[in-house]
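Q: Take a look at the following structure, please.
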Amino acid sequence: DRMPDAALDTVRKVDTQDEADRLARSLRALPPRQGEAVWLKFHGGLTYRQIAEVMDESVSNVGFLLHTALQDLRRRLSGSPVAPAVEEAS
């Protein structure tokens, strides 16, 4: 009745790959400025102030971009309907 460890590892890899694919698709669906802010924050490890400098934005607008992008990603990854994307207010 128990699944062998190797088979269980394969199932976990598939689940993880499926999740990674969903995340990648969701990230690509973000408006470009939101995607850039998310990339700089989570891949680059930059602070809001550093992101603001790189993107030539205010720190508060960076916060708005990240907040809006993360809300969108949560909806997409949970399977909830996604409202039309909101771009930054420049």
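Following the order of the structure tokens, first chain is A, next is B, and so on, with residues numbered from 1 inside each chain and ligands from 1 in the order they appear.
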For segment 66-74 of chain A, list every protein, DNA or RNA residue within 7 Å, evaluated using only C-alpha atoms, and leave out those in the same chain fewer than 3 positions away; present the list as a ChimeraX atom specification.

A: /A:26,30,34,37-38,62-63,77-78,82

Q: Excluding Glu36 of chain A and its own-chain neighbours fewer than 5 positions away, which residues fall within 10 Å of it when counting only C-alpha atoms? Please give them as an mmCIF file with N, CA, C and O atoms, in the first residue's frame.

A:
data_model
loop_
_atom_site.group_PDB
_atom_site.id
_atom_site.type_symbol
_atom_site.label_atom_id
_atom_site.label_comp_id
_atom_site.auth_asym_id
_atom_site.auth_seq_id
_atom_site.Cartn_x
_atom_site.Cartn_y
_atom_site.Cartn_z
ATOM 1 N N LEU A 27 3.951 35.078 -13.624
ATOM 2 C CA LEU A 27 4.900 36.200 -13.633
ATOM 3 C C LEU A 27 4.958 36.862 -15.011
ATOM 4 O O LEU A 27 4.993 38.079 -15.122
ATOM 5 N N LEU A 30 2.147 39.402 -15.769
ATOM 6 C CA LEU A 30 2.117 40.710 -15.103
ATOM 7 C C LEU A 30 2.476 41.820 -16.091
ATOM 8 O O LEU A 30 3.260 41.595 -17.011
ATOM 9 N N PRO A 31 1.956 43.026 -15.870
ATOM 10 C CA PRO A 31 2.417 44.162 -16.662
ATOM 11 C C PRO A 31 3.935 44.313 -16.485
ATOM 12 O O PRO A 31 4.479 43.968 -15.418
ATOM 13 N N LYS A 41 12.977 42.603 -6.619
ATOM 14 C CA LYS A 41 12.782 42.343 -5.191
ATOM 15 C C LYS A 41 13.154 40.913 -4.821
ATOM 16 O O LYS A 41 13.914 40.678 -3.892
ATOM 17 N N ILE A 51 15.144 49.474 -5.595
ATOM 18 C CA ILE A 51 14.277 49.247 -6.760
ATOM 19 C C ILE A 51 13.825 50.586 -7.328
ATOM 20 O O ILE A 51 13.823 50.783 -8.545
ATOM 21 N N VAL A 54 16.646 52.018 -9.382
ATOM 22 C CA VAL A 54 16.840 51.291 -10.646
ATOM 23 C C VAL A 54 15.729 51.613 -11.644
ATOM 24 O O VAL A 54 15.983 51.814 -12.830
ATOM 25 N N MET A 55 14.500 51.681 -11.148
ATOM 26 C CA MET A 55 13.343 51.867 -12.027
ATOM 27 C C MET A 55 12.972 53.325 -12.221
ATOM 28 O O MET A 55 12.033 53.619 -12.961
ATOM 29 N N LEU A 65 3.438 48.950 -6.907
ATOM 30 C CA LEU A 65 3.703 47.951 -7.948
ATOM 31 C C LEU A 65 3.798 46.549 -7.350
ATOM 32 O O LEU A 65 3.196 45.593 -7.854
ATOM 33 N N LEU A 66 4.577 46.420 -6.285
ATOM 34 C CA LEU A 66 4.767 45.102 -5.665
ATOM 35 C C LEU A 66 3.471 44.596 -5.035
ATOM 36 O O LEU A 66 3.113 43.421 -5.203
#

Q: Could you state the separation of atom CA of Tyr48 of chain A and atom CA of Asn61 of chain A in Å, given to one decimal place?

A: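 Those two atoms sit 9.4 Å apart.
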
Q: May I ask for the distance between atom CA of Asp21 of chain A and atom CA of Gly44 of chain A, given in Å to one decimal place?

A: 20.2 Å

Q: State, in Å with one decimal place, the distance from atom CA of Arg22 of chain A to atom CA of Phe42 of chain A.

A: 16.8 Å
